[in-house]
Structure formats: C-alpha cells, structure tokens
$ cat protein18.txt   # compact mmCIF, C-alpha atoms
# COMPACT_ATOMS: atom_id res chain seq x y z
CA MET A 308 0.00 0.00 0.00
CA SER A 309 1.41 3.38 -0.99
CA ALA A 310 1.49 6.30 1.43
CA ASP A 311 -1.31 8.02 -0.54
CA ASP A 312 -3.60 5.04 0.07
CA LEU A 313 -3.15 5.14 3.84
CA PRO A 314 -5.77 6.77 6.11
CA LEU A 315 -4.88 10.38 6.83
CA ALA A 316 -4.13 9.63 10.49
CA ASP A 317 -1.51 7.08 9.43
CA ARG A 318 -0.01 9.48 6.89
CA LEU A 319 0.30 12.19 9.54
CA ALA A 320 1.85 9.71 11.95
CA ARG A 321 4.44 8.84 9.29
CA GLN A 322 5.17 12.54 8.69
CA ILE A 323 5.78 13.05 12.39
CA ALA A 324 7.89 9.91 12.70
CA SER A 325 10.14 10.91 9.81
CA GLY A 326 10.27 14.69 10.16
CA GLY A 327 9.34 15.48 13.73
CA PRO A 328 6.34 17.36 15.15
CA ILE A 329 4.03 19.25 12.79
CA SER A 330 2.46 22.62 13.55
CA VAL A 331 -1.17 22.86 14.59
CA ALA A 332 -1.73 24.92 11.43
CA HIS A 333 -0.34 22.10 9.28
CA TYR A 334 -2.49 19.57 11.13
CA ILE A 335 -5.67 21.61 10.56
CA GLY A 336 -4.84 22.18 6.92
CA GLU A 337 -4.20 18.52 6.15
CA ALA A 338 -7.25 17.37 8.10
CA ASN A 339 -9.72 19.79 6.53
CA GLN A 340 -8.37 19.33 3.01
CA HIS A 341 -9.06 15.60 3.27
CA TYR A 342 -12.36 16.11 5.07
CA TYR A 343 -13.93 18.43 2.51
CA ALA A 344 -12.51 16.59 -0.50
CA SER A 345 -14.02 13.28 0.54
CA ARG A 346 -17.65 14.06 1.46
CA ASP A 347 -20.64 16.37 1.57
CA PRO A 348 -20.60 17.30 5.27
CA LEU A 349 -23.79 19.36 5.32
CA GLY A 350 -27.33 18.66 6.42
CA ALA A 351 -29.08 16.29 8.80
CA ASP A 352 -27.14 13.30 7.49
CA GLY A 353 -23.82 15.16 7.63
CA ASP A 354 -21.88 16.77 10.45
CA PHE A 355 -23.24 20.32 10.60
CA THR A 356 -25.85 22.69 9.17
CA THR A 357 -25.09 26.21 7.97
CA ALA A 358 -27.42 29.21 7.86
CA PRO A 359 -28.30 28.88 4.13
CA GLU A 360 -29.49 25.31 4.76
CA ILE A 361 -31.75 26.49 7.59
CA SER A 362 -33.80 28.87 5.48
CA GLN A 363 -33.94 30.50 2.06
CA MET A 364 -34.34 33.82 3.87
CA PHE A 365 -30.64 33.93 4.70
CA GLY A 366 -29.37 33.74 1.13
CA GLU A 367 -32.13 35.96 -0.21
CA LEU A 368 -31.29 38.78 2.18
CA VAL A 369 -27.56 38.51 1.56
CA GLY A 370 -28.20 38.65 -2.19
CA LEU A 371 -30.50 41.64 -1.85
CA CYS A 372 -27.96 43.41 0.33
CA LEU A 373 -25.31 43.08 -2.39
CA ALA A 374 -27.77 44.03 -5.13
CA ASP A 375 -28.79 47.12 -3.17
CA ILE A 376 -25.15 48.22 -2.81
CA TRP A 377 -24.65 47.66 -6.55
CA MET A 378 -27.74 49.68 -7.49
CA ARG A 379 -26.86 52.61 -5.23
CA SER A 380 -23.28 52.59 -6.54
CA GLY A 381 -24.23 53.23 -10.16
CA ARG A 382 -25.14 49.76 -11.46
CA ARG A 383 -21.60 49.10 -12.69
CA PRO A 384 -21.49 46.63 -15.61
CA GLU A 385 -19.87 43.19 -15.64
CA ALA A 386 -20.44 42.58 -11.94
CA ALA A 387 -19.55 39.06 -10.79
CA TYR A 388 -21.05 37.12 -7.89
CA VAL A 389 -18.22 35.46 -5.97
CA GLU A 390 -18.63 33.03 -3.09
CA LEU A 391 -15.85 31.53 -1.03
CA GLY A 392 -16.54 28.05 0.34
CA PRO A 393 -20.07 27.84 -1.09
CA GLY A 394 -21.07 24.47 0.39
CA ARG A 395 -23.82 22.87 -1.67
CA GLY A 396 -24.51 26.14 -3.52
CA THR A 397 -27.69 26.82 -1.55
CA LEU A 398 -26.72 30.35 -0.54
CA ALA A 399 -25.65 31.17 -4.10
CA ALA A 400 -28.93 29.87 -5.54
CA ASP A 401 -31.03 31.92 -3.12
CA ALA A 402 -28.86 35.04 -3.46
CA LEU A 403 -28.81 34.93 -7.26
CA ARG A 404 -32.58 34.44 -7.41
CA ALA A 405 -33.07 37.51 -5.22
CA MET A 406 -30.54 39.50 -7.26
CA GLU A 407 -32.38 38.70 -10.45
CA ARG A 408 -35.53 40.26 -9.00
CA ALA A 409 -33.47 43.42 -8.56
CA ALA A 410 -32.46 43.36 -12.25
CA LEU A 411 -28.98 42.05 -11.48
CA ALA A 412 -27.88 38.79 -13.10
CA PRO A 413 -24.16 38.37 -12.45
CA LYS A 414 -22.13 35.34 -13.46
CA ALA A 415 -21.49 33.02 -10.53
CA HIS A 416 -17.87 32.35 -9.60
CA LEU A 417 -17.41 29.83 -6.78
CA VAL A 418 -14.10 29.27 -5.00
CA GLU A 419 -14.30 25.59 -4.15
CA THR A 420 -11.77 22.74 -4.16
CA SER A 421 -13.96 19.83 -3.02
CA PRO A 422 -14.94 17.60 -5.99
CA SER A 423 -18.08 16.33 -4.25
CA LEU A 424 -19.28 19.82 -3.38
CA ARG A 425 -18.47 21.11 -6.87
CA ASP A 426 -20.78 18.42 -8.24
CA ARG A 427 -23.58 19.50 -5.91
CA GLN A 428 -23.10 23.14 -6.88
CA SER A 429 -23.10 22.41 -10.62
CA ALA A 430 -26.31 20.40 -10.27
CA LEU A 431 -28.03 23.31 -8.53
CA LEU A 432 -26.65 26.29 -10.46
CA GLN A 433 -26.47 26.89 -14.20
CA HIS A 434 -23.27 28.10 -15.85
CA VAL A 435 -21.32 28.21 -12.59
CA ILE A 436 -17.58 28.86 -12.90
CA HIS A 437 -15.34 27.14 -10.36
CA HIS A 438 -12.01 28.39 -9.04
CA ASP A 439 -9.35 26.79 -6.84
CA GLY A 440 -8.49 30.19 -5.37
CA ILE A 441 -9.09 33.89 -5.79
CA ASP A 442 -6.20 34.41 -8.21
CA SER A 443 -8.26 33.21 -11.18
CA LEU A 444 -11.34 35.34 -10.45
CA PRO A 445 -12.35 37.85 -13.16
CA ASP A 446 -10.01 40.82 -13.25
CA GLN A 447 -12.52 43.12 -14.98
CA GLY A 448 -15.71 44.43 -13.41
CA PRO A 449 -16.75 44.73 -9.78
CA LEU A 450 -16.80 41.74 -7.42
CA LEU A 451 -19.81 41.06 -5.18
CA VAL A 452 -18.37 38.63 -2.66
CA VAL A 453 -19.92 36.37 -0.02
CA ALA A 454 -17.97 34.30 2.50
CA ASN A 455 -20.23 32.44 4.92
CA GLU A 456 -18.45 30.10 7.33
CA PHE A 457 -15.34 30.13 5.17
CA PHE A 458 -12.62 31.70 7.31
CA ASP A 459 -13.40 29.50 10.32
CA ALA A 460 -12.20 26.38 8.46
CA LEU A 461 -8.78 27.78 7.50
CA PRO A 462 -5.61 26.80 9.40
CA VAL A 463 -4.44 29.04 12.24
CA ARG A 464 -1.08 29.16 13.96
CA GLN A 465 -1.32 28.62 17.71
CA CYS A 466 1.30 30.09 20.05
CA ILE A 467 1.53 28.99 23.69
CA ARG A 468 3.15 30.72 26.67
CA VAL A 469 5.98 28.71 28.20
CA GLY A 470 7.74 30.52 31.04
CA ASP A 471 8.71 33.93 29.71
CA GLU A 472 8.63 32.77 26.07
CA TRP A 473 6.03 32.09 23.42
CA ARG A 474 6.38 28.88 21.44
CA GLU A 475 4.53 27.55 18.43
CA ARG A 476 2.11 24.80 19.40
CA VAL A 477 2.78 21.55 17.55
CA VAL A 478 1.33 18.07 17.21
CA ILE A 479 3.28 14.95 18.12
CA ALA A 480 2.72 11.24 17.55
CA ARG A 481 -0.37 9.37 18.54
CA GLU A 482 -0.75 7.82 21.94
CA GLU A 483 -2.06 4.30 22.40
CA ALA A 484 -5.68 5.44 22.13
CA GLY A 485 -4.93 6.84 18.67
CA ARG A 486 -5.18 10.49 19.63
CA PHE A 487 -2.55 12.98 18.47
CA ILE A 488 -1.07 15.17 21.19
CA PRO A 489 -0.68 18.99 21.04
CA VAL A 490 2.37 20.32 22.88
CA ALA A 491 4.60 23.37 23.01
CA GLY A 492 7.24 23.14 20.30
CA TYR A 493 10.82 24.33 20.36
CA ARG A 494 10.29 27.22 17.92
CA ARG A 495 10.28 30.50 19.77
CA ILE A 496 7.87 33.21 18.56
CA ALA A 497 9.51 36.58 19.12
CA SER A 498 7.45 38.90 16.92
CA GLY A 499 3.93 39.42 15.64
CA LEU A 500 2.25 38.99 19.02
CA PRO A 501 -0.19 41.58 20.45
CA PRO A 502 0.83 43.69 23.48
CA MET A 503 -1.45 41.61 25.72
CA ALA A 504 0.94 38.70 25.25
CA GLU A 505 3.39 40.27 27.72
CA GLU A 506 1.01 39.79 30.66
CA ALA A 507 -0.47 36.44 29.58
CA PRO A 508 -0.31 33.58 32.08
CA GLU A 509 1.57 30.30 31.68
CA GLY A 510 -0.13 28.03 29.16
CA ALA A 511 -2.10 30.83 27.49
CA ILE A 512 -2.73 30.43 23.75
CA ILE A 513 -2.91 33.07 21.03
CA GLU A 514 -4.20 32.16 17.57
CA SER A 515 -2.91 33.84 14.42
CA PRO A 516 -5.03 33.39 11.28
CA ILE A 517 -2.11 33.64 8.88
CA MET A 518 -3.81 31.98 5.89
CA GLY A 519 -7.08 33.81 6.50
CA ALA A 520 -5.25 37.14 6.66
CA GLU A 521 -3.42 36.42 3.39
CA ILE A 522 -6.66 35.52 1.57
CA ALA A 523 -8.51 38.52 3.02
CA TYR A 524 -5.69 40.88 2.03
CA ALA A 525 -5.52 39.58 -1.54
CA LEU A 526 -9.31 39.65 -1.92
CA ALA A 527 -9.53 43.18 -0.54
CA HIS A 528 -6.94 44.36 -3.05
CA ARG A 529 -9.00 42.86 -5.88
CA ILE A 530 -12.06 44.80 -4.71
CA ALA A 531 -9.97 47.95 -4.34
CA ARG A 532 -8.82 47.64 -7.98
CA GLN A 533 -12.08 46.52 -9.54
CA GLY A 534 -14.81 47.92 -7.32
CA GLY A 535 -17.41 45.99 -5.42
CA ALA A 536 -18.24 44.79 -1.93
CA ALA A 537 -17.92 41.76 0.30
CA ILE A 538 -20.09 40.31 3.05
CA LEU A 539 -18.32 38.04 5.52
CA ILE A 540 -20.35 36.00 7.99
CA ASP A 541 -18.84 33.64 10.53
CA TYR A 542 -18.69 32.89 14.22
CA GLY A 543 -15.99 34.75 16.02
CA TYR A 544 -14.85 37.77 18.00
CA GLU A 545 -13.09 41.11 17.82
CA GLY A 546 -9.51 40.42 18.80
CA PRO A 547 -6.86 40.22 19.87
CA ALA A 548 -7.79 37.68 22.51
CA LEU A 549 -6.34 34.77 24.43
CA GLY A 550 -7.74 31.26 24.12
CA ASP A 551 -7.77 27.99 22.26
CA THR A 552 -10.83 28.00 19.99
CA LEU A 553 -10.00 24.90 17.95
CA GLN A 554 -12.99 22.58 17.92
CA ALA A 555 -14.29 19.56 16.03
CA VAL A 556 -17.81 18.52 15.05
CA LYS A 557 -19.01 15.09 14.00
CA ALA A 558 -22.66 14.16 13.40
CA HIS A 559 -23.78 17.50 14.89
CA ARG A 560 -21.91 16.85 18.16
CA PHE A 561 -18.62 18.18 19.46
CA ALA A 562 -15.71 15.79 19.05
CA ASP A 563 -12.02 15.62 19.93
CA PRO A 564 -10.07 17.74 17.38
CA PHE A 565 -6.95 15.58 17.82
CA ALA A 566 -8.63 12.26 17.11
CA ASP A 567 -9.65 11.01 13.65
CA PRO A 568 -8.14 13.84 11.55
CA GLY A 569 -9.90 14.15 8.21
CA GLU A 570 -13.06 12.52 9.59
CA VAL A 571 -14.30 15.51 11.64
CA ASP A 572 -14.88 19.16 10.80
CA LEU A 573 -12.19 21.37 12.36
CA THR A 574 -12.85 25.07 12.92
CA THR A 575 -11.60 28.02 14.96
CA HIS A 576 -13.32 31.25 15.89
CA VAL A 577 -12.67 34.06 13.42
CA ASP A 578 -10.86 37.23 14.51
CA PHE A 579 -12.88 39.92 12.72
CA THR A 580 -10.36 42.58 13.74
CA VAL A 581 -7.77 40.89 11.53
CA LEU A 582 -10.18 40.67 8.59
CA GLY A 583 -11.12 44.33 8.97
CA ASN A 584 -7.49 45.40 9.18
CA MET A 585 -6.65 43.56 5.96
CA ALA A 586 -9.45 45.40 4.15
CA ARG A 587 -8.43 48.78 5.55
CA GLN A 588 -4.84 48.23 4.46
CA ALA A 589 -6.15 47.72 0.93
CA GLY A 590 -8.07 51.00 1.09
CA LEU A 591 -11.57 49.61 1.59
CA ARG A 592 -14.19 50.85 4.02
CA VAL A 593 -15.16 48.36 6.74
CA HIS A 594 -18.63 48.04 8.25
CA GLY A 595 -19.25 46.03 11.40
CA PRO A 596 -18.95 43.46 12.68
CA VAL A 597 -22.49 43.23 13.97
CA GLY A 598 -24.36 40.23 15.28
CA GLN A 599 -25.95 38.07 12.60
CA GLY A 600 -29.34 38.60 14.22
CA ASP A 601 -29.10 42.39 14.03
CA PHE A 602 -27.79 42.19 10.47
CA LEU A 603 -30.69 40.05 9.26
CA ARG A 604 -33.32 42.03 11.14
CA GLN A 605 -32.08 45.30 9.61
CA LEU A 606 -32.30 43.67 6.19
CA GLY A 607 -35.93 42.73 6.81
CA ILE A 608 -36.00 39.09 7.88
CA ASP A 609 -39.06 39.64 10.06
CA ALA A 610 -41.10 40.99 7.16
CA ARG A 611 -39.83 38.24 4.85
CA ALA A 612 -40.78 35.58 7.40
CA GLU A 613 -44.31 37.00 7.65
CA GLN A 614 -44.59 37.01 3.86
CA LEU A 615 -43.48 33.38 3.59
CA ALA A 616 -45.83 32.33 6.38
CA ARG A 617 -48.80 33.99 4.67
CA SER A 618 -48.00 32.40 1.33
CA ALA A 619 -47.67 28.91 2.86
CA PRO A 620 -49.62 28.71 6.15
CA ALA A 621 -48.76 25.03 6.58
CA ARG A 622 -45.08 26.00 6.83
CA ALA A 623 -45.59 28.99 9.14
CA GLN A 624 -44.14 27.23 12.18
CA ASP A 625 -41.09 26.06 10.24
CA VAL A 626 -40.50 29.59 8.96
CA GLU A 627 -40.73 31.03 12.45
CA SER A 628 -38.41 28.34 13.83
CA ALA A 629 -35.83 29.17 11.15
CA ARG A 630 -36.10 32.92 11.80
CA HIS A 631 -35.57 32.32 15.51
CA ARG A 632 -32.58 30.06 14.93
CA LEU A 633 -30.90 32.55 12.63
CA THR A 634 -31.48 35.66 14.75
CA ASP A 635 -32.01 34.86 18.43
CA GLU A 636 -29.14 35.59 20.80
CA THR A 637 -29.45 32.10 22.30
CA GLU A 638 -28.99 30.55 18.84
CA MET A 639 -26.91 32.07 15.99
CA GLY A 640 -27.84 35.71 16.52
CA THR A 641 -24.81 36.96 18.46
CA LEU A 642 -22.11 34.27 18.20
CA PHE A 643 -22.25 34.63 14.41
CA LYS A 644 -21.23 38.03 13.15
CA ALA A 645 -21.39 39.90 9.86
CA MET A 646 -18.87 42.31 8.40
CA ALA A 647 -18.95 44.17 5.08
CA TRP A 648 -16.21 45.71 2.97
CA THR A 649 -16.95 48.29 0.30
CA HIS A 650 -14.87 50.08 -2.29
CA PRO A 651 -14.43 53.72 -1.17
CA ASP A 652 -16.50 54.93 -4.15
CA TRP A 653 -19.36 52.53 -3.41
CA ALA A 654 -22.44 53.06 -1.23
CA ASP A 655 -22.64 51.95 2.39
CA PRO A 656 -24.35 48.56 2.85
CA ALA A 657 -27.69 48.09 4.57
CA GLY A 658 -27.70 45.95 7.68
CA PHE A 659 -24.94 47.72 9.59
CA GLY A 660 -26.75 50.73 11.01
CA THR A 661 -27.03 51.47 14.71
$ encode --input "protein18.txt" --output "structure tokens"
Amino acid sequence: MSADDLPLADRLARQIASGGPISVAHYIGEANQHYYASRDPLGADGDFTTAPEISQMFGELVGLCLADIWMRSGRRPEAAYVELGPGRGTLAADALRAMERAALAPKAHLVETSPSLRDRQSALLQHVIHHDGIDSLPDQGPLLVVANEFFDALPVRQCIRVGDEWRERVVIAREEAGRFIPVAGYRRIASGLPPMAEEAPEGAIIESPIMGAEIAYALAHRIARQGGAAILIDYGYEGPALGDTLQAVKAHRFADPFADPGEVDLTTHVDFTVLGNMARQAGLRVHGPVGQGDFLRQLGIDARAEQLARSAPARAQDVESARHRLTDETEMGTLFKAMAWTHPDWADPAGFGT
C-alpha cells in the first residue's frame, strides 16, 4: 500500500515519525483538506448545518444586500457574484434568485476545491464557474463577494506561553488510544504577538489566522482595484484575545479535534479585527462586525418571514423556527457576526446601522 492510500491519520503519523512534530496549522490544513474533499458534510445526514441550509431567507437577504449596494453605486457593468466556500450552492442559488428580481444577473464564480461539493453546486446552479483560489477570479468588473463560514475552516497558527517565552504549538505522535497530542514546540515566537501577550499567564494560547489574513488581504486588493463589496459571515470575535478556539464537530456533536483527523470538521473562531485590518490596508471601508441577528433584522428578515408564512400557512411554524434560529441571541444571533467591505467609491451597505 502506498502512502497516498493510507488513512490520513496514518499518513500524519508517518510525517511526524520521519520529520518530527508538525504545527497545529499544518495539522488543521491537512485534516480539513481531506475532510472536505471526501464528502458532503452538510445537512441532517452530515456533520453540521449552515445558515443557508436552515432557510432561504438567509441567502435571499444577503443577495438583496449586495444588489442594493450595486444599485446605489451606479449599477456598474460586468459585476460578478463570488462566493468563497459555497457548500452545496444553496446560498448562491437563493442570493442569485433575489438578485435577479433586482435586475442584477451576475455570473457566478465559486471558489471551491472539493470535488463532491463542486458536483452538488453544478447540479443546482447553471453556468457556474469554479475556481481553486481567488487568483483566477475575473479581473474586470466589480466583485460582489460572499464568505459564509469560510474563514473559520482555514488553518491558524497557535502560540503557547511557556515561562517567559512564546512557542509555536505543535502536534506529536499518537498515543495508544490513537489520539494525536498537542504540545509546546521548540520554535520560539519573538514577533507578531499583540501587546497583551506580555502579561499572559503560563499556558495561554494566542491564535494567528495567517492563511485567512493572506486571503482577506488579496481579496480586498482585488475589490480595491475593480470595485465591489464583500459580506463576511462567521462565528468569532473582535480580537486580539487569548484562548484555544479549535474545535471539532461530527454528526452534529462536538468531538475531539486531535482524534480522527480528516473525519471531523475542524474550525476556529474568526478574529474579525484581523479581517477588517486587511481590508483597511487595501483602502476599503469596513462596516461592522455586527451580530448576525441584528444584520438580518435590519435587512428585513421579520417581514420576509411574515410574507413566507402567509403564502404557505402550513409551513408557518417552520419559517418562524428558522427565523428564531438565525437571529435569536441564544442561537446564531450573536455568536455569528457579519462584516462588510466596500470600495471607497461605493455606497454603504444596509444591515450595519445602529
């Protein structure tokens, strides 16, 4: 059996045995690449459910928000709809349908590397154009970008306080139970840490979204050159902050992130301060973050829910349940946050008022 045919856990164990400990960032990257390439993880039969799968209202309002920005910014031609990590394509389908009602019919460009999810997206959407990364996106015309639960799945570097030093956190070989072990590595981190690191206690962890920052910076520069806007929705916080936010989900339950790599969904909480700073450095205006509940209410989810309930009374309870799940502070309303970027010549987005 070749190394490529081995289960991912065995391949990682071989990497560690031959080359020494691997970084937590490398571990997350390898695990999630395998995970998303080998399955459709969404829905009741999968591992988790995202907002677009809960209700059509989510995608419709996001699409209308982008269409509204486009209309109030002069209806620039050749606009492209871009989605990062589009899942099954449900959000894109709902957003594009709503955009069409607003006389906007952009081509759909989806940044997706999973073969199984690409198949689902192509079956749902006509004339979709797939990309492995943002480098191949159209370089003419404004970009109308959506990233829902995209940045949370990207690798982060974890640094841990050891004595008066900060070290990169690494992963070492499996123990007898088959679980990999995270420990403080030998590599000292001497720069790039926030001021709060000086007073952090022993064992404290700081996460650095290096890959997320690189993607955000490159995407923001594309919008700065071409015009457009982006809406980013994820669960997270306004950093910097201390804490280990790495978590795993399997069959809609929390799991051990260091067991069964590639068979569970690994995520970390998103630092919206970093995302906003990347956009500002590119010259964009940043709006938010605000709680997902406030964002959707300002866009009109309550009125849309009433409309759907009237048109299909038999589904009224389901519609109300979905609205509550998306907006209530005990559900997704505050943990999930929304941020928007806009080109400096473009209109401010709805949904981010006080």
$ residues_around --input "protein18.txt" --residues "Leu526 in chain A" --least-positions-apart "5" --cutoff "9 Å" --atoms "all atoms listed in the file" --output "list in words"
Ile441, Asp442, Glu521, Ala531 and Ala586 of chain A
$ atom_distance --input "protein18.txt" --atom1 "CA of Ile329 in chain A" --atom2 "CA of Val477 in chain A"
5.4 Å
$ residues_around --input "protein18.txt" --residues "range 640-653 of chain A" --least-positions-apart "3" --cutoff "6 Å" --atoms "only C-alpha atoms" --output "PyMOL selection string"
chain A and resi 380+531+534-542+591-600+633-636
$ residues_around --input "protein18.txt" --residues "Ala400 in chain A" --least-positions-apart "3" --cutoff "12 Å" --atoms "all atoms listed in the file" --output "CSV table (one decimal) with C-alpha atoms, in the frame of the given file"
chain,number,residue,atom,x,y,z
A,359,PRO,CA,-28.3,28.9,4.1
A,360,GLU,CA,-29.5,25.3,4.8
A,363,GLN,CA,-33.9,30.5,2.1
A,364,MET,CA,-34.3,33.8,3.9
A,365,PHE,CA,-30.6,33.9,4.7
A,366,GLY,CA,-29.4,33.7,1.1
A,367,GLU,CA,-32.1,36.0,-0.2
A,369,VAL,CA,-27.6,38.5,1.6
A,370,GLY,CA,-28.2,38.6,-2.2
A,388,TYR,CA,-21.0,37.1,-7.9
A,390,GLU,CA,-18.6,33.0,-3.1
A,393,PRO,CA,-20.1,27.8,-1.1
A,394,GLY,CA,-21.1,24.5,0.4
A,395,ARG,CA,-23.8,22.9,-1.7
A,396,GLY,CA,-24.5,26.1,-3.5
A,397,THR,CA,-27.7,26.8,-1.6
A,403,LEU,CA,-28.8,34.9,-7.3
A,404,ARG,CA,-32.6,34.4,-7.4
A,405,ALA,CA,-33.1,37.5,-5.2
A,406,MET,CA,-30.5,39.5,-7.3
A,407,GLU,CA,-32.4,38.7,-10.4
A,412,ALA,CA,-27.9,38.8,-13.1
A,413,PRO,CA,-24.2,38.4,-12.4
A,414,LYS,CA,-22.1,35.3,-13.5
A,415,ALA,CA,-21.5,33.0,-10.5
A,417,LEU,CA,-17.4,29.8,-6.8
A,427,ARG,CA,-23.6,19.5,-5.9
A,428,GLN,CA,-23.1,23.1,-6.9
A,429,SER,CA,-23.1,22.4,-10.6
A,430,ALA,CA,-26.3,20.4,-10.3
A,431,LEU,CA,-28.0,23.3,-8.5
A,432,LEU,CA,-26.6,26.3,-10.5
A,433,GLN,CA,-26.5,26.9,-14.2
A,434,HIS,CA,-23.3,28.1,-15.8
A,435,VAL,CA,-21.3,28.2,-12.6
$ atom_distance --input "protein18.txt" --atom1 "CA of Ile467 in chain A" --atom2 "CA of Gly510 in chain A"
5.8 Å
$ closest_residue --input "protein18.txt" --among "A:Ile376, A:Arg425, A:Gln465, A:Ala386" --to "Gly658 in chain A" --atoms "only C-alpha atoms"
A:Ile376
$ closest_residue --input "protein18.txt" --among "A:Glu627, A:Asp312, A:Asp352, A:Asp347" --to "Ser423 in chain A" --atoms "all atoms listed in the file"
A:Asp347
$ axis_aligned_box --input "protein18.txt" --around "range 643-657 of chain A" --padding-each-side "3 Å" --output "JSON"
{"center_x": -21.1, "center_y": 44.8, "center_z": 5.1, "size_x": 19.3, "size_y": 26.3, "size_z": 24.6}
$ atom_distance --input "protein18.txt" --atom1 "CA of Gln340 in chain A" --atom2 "CA of Leu500 in chain A"
27.5 Å
$ closest_residue --input "protein18.txt" --among "A:Glu385, A:Asp439, A:Asp375, A:Glu570" --to "Ala657 in chain A" --atoms "all atoms listed in the file"
A:Asp375
$ closest_residue --input "protein18.txt" --among "A:Ala566, A:Val478, A:Leu461, A:Val571" --to "Gly519 in chain A" --atoms "only C-alpha atoms"
A:Leu461
$ residues_near_point --input "protein18.txt" --point "(-11.9, 27.8, -2.0)" --cutoff "12 Å" --atoms "only C-alpha atoms" --output "NGL selection string"
:A and (339-340 or 343-344 or 389-394 or 416-422 or 424-425 or 437-444 or 453-458 or 460-461 or 519 or 522)
$ closest_residue --input "protein18.txt" --among "A:Ile488, A:Ala520, A:Val556, A:Ala527" --to "Ala320 in chain A" --atoms "all atoms listed in the file"
A:Ile488
$ residues_near_point --input "protein18.txt" --point "(0.2, 41.2, 21.7)" --cutoff "12 Å" --atoms "only C-alpha atoms" --output "PyMOL selection string"
chain A and resi 466+468+473+496-507+512-515+546-549
$ closest_residue --input "protein18.txt" --among "A:Ile608, A:Ala555, A:Ala525, A:Val626" --to "Gly590 in chain A" --atoms "only C-alpha atoms"
A:Ala525
$ residues_around --input "protein18.txt" --residues "Phe487 in chain A" --least-positions-apart "2" --cutoff "10 Å" --atoms "all atoms listed in the file" --output "MDAnalysis selection string"
chainID A and resid 316 319:320 334 478:485 489:490 563:568
$ write_last_selection --input "protein18.txt" --atoms "C-alpha atoms" --output "short mmCIF file (atom, residue, chain, number, x, y, z; two decimals), in the frame of the given file"
data_model
loop_
_atom_site.label_atom_id
_atom_site.label_comp_id
_atom_site.auth_asym_id
_atom_site.auth_seq_id
_atom_site.Cartn_x
_atom_site.Cartn_y
_atom_site.Cartn_z
CA ALA A 316 -4.13 9.63 10.49
CA LEU A 319 0.30 12.19 9.54
CA ALA A 320 1.85 9.71 11.95
CA TYR A 334 -2.49 19.57 11.13
CA VAL A 478 1.33 18.07 17.21
CA ILE A 479 3.28 14.95 18.12
CA ALA A 480 2.72 11.24 17.55
CA ARG A 481 -0.37 9.37 18.54
CA GLU A 482 -0.75 7.82 21.94
CA GLU A 483 -2.06 4.30 22.40
CA ALA A 484 -5.68 5.44 22.13
CA GLY A 485 -4.93 6.84 18.67
CA PRO A 489 -0.68 18.99 21.04
CA VAL A 490 2.37 20.32 22.88
CA ASP A 563 -12.02 15.62 19.93
CA PRO A 564 -10.07 17.74 17.38
CA PHE A 565 -6.95 15.58 17.82
CA ALA A 566 -8.63 12.26 17.11
CA ASP A 567 -9.65 11.01 13.65
CA PRO A 568 -8.14 13.84 11.55
#
$ decode --input "protein18.txt" --residues "range 478-496 of chain A" --atoms "N, CA and C atoms" --output "CSV table (one decimal), in the first residue's frame"
chain,number,residue,atom,x,y,z
A,478,VAL,N,2.0,19.4,17.0
A,478,VAL,CA,1.3,18.1,17.2
A,478,VAL,C,2.4,17.0,17.1
A,479,ILE,N,2.3,16.1,18.1
A,479,ILE,CA,3.3,15.0,18.1
A,479,ILE,C,2.5,13.6,17.9
A,480,ALA,N,3.3,12.5,17.9
A,480,ALA,CA,2.7,11.2,17.6
A,480,ALA,C,1.6,10.8,18.4
A,481,ARG,N,0.8,9.9,17.9
A,481,ARG,CA,-0.4,9.4,18.5
A,481,ARG,C,0.0,8.6,19.8
A,482,GLU,N,-0.9,8.7,20.8
A,482,GLU,CA,-0.7,7.8,21.9
A,482,GLU,C,-1.5,6.5,21.7
A,483,GLU,N,-1.5,5.6,22.6
A,483,GLU,CA,-2.1,4.3,22.4
A,483,GLU,C,-3.5,4.4,22.0
A,484,ALA,N,-4.3,5.3,22.5
A,484,ALA,CA,-5.7,5.4,22.1
A,484,ALA,C,-5.9,6.0,20.7
A,485,GLY,N,-4.8,6.4,20.0
A,485,GLY,CA,-4.9,6.8,18.7
A,485,GLY,C,-5.1,8.3,18.5
A,486,ARG,N,-5.0,9.0,19.7
A,486,ARG,CA,-5.2,10.5,19.6
A,486,ARG,C,-3.8,11.2,19.5
A,487,PHE,N,-3.8,12.2,18.6
A,487,PHE,CA,-2.6,13.0,18.5
A,487,PHE,C,-2.5,13.9,19.7
A,488,ILE,N,-1.3,14.4,20.0
A,488,ILE,CA,-1.1,15.2,21.2
A,488,ILE,C,-0.5,16.5,20.9
A,489,PRO,N,-1.2,17.6,21.2
A,489,PRO,CA,-0.7,19.0,21.0
A,489,PRO,C,0.2,19.4,22.2
A,490,VAL,N,1.4,19.9,21.9
A,490,VAL,CA,2.4,20.3,22.9
A,490,VAL,C,3.1,21.6,22.4
A,491,ALA,N,3.8,22.2,23.4
A,491,ALA,CA,4.6,23.4,23.0
A,491,ALA,C,5.8,22.9,22.2
A,492,GLY,N,6.1,23.5,21.1
A,492,GLY,CA,7.2,23.1,20.3
A,492,GLY,C,8.5,23.9,20.8
A,493,TYR,N,9.6,23.7,20.0
A,493,TYR,CA,10.8,24.3,20.4
A,493,TYR,C,11.0,25.7,19.7
A,494,ARG,N,10.2,26.0,18.6
A,494,ARG,CA,10.3,27.2,17.9
A,494,ARG,C,9.8,28.4,18.8
A,495,ARG,N,10.7,29.3,19.0
A,495,ARG,CA,10.3,30.5,19.8
A,495,ARG,C,9.6,31.5,18.8
A,496,ILE,N,8.5,32.1,19.3
A,496,ILE,CA,7.9,33.2,18.6
A,496,ILE,C,8.2,34.5,19.2
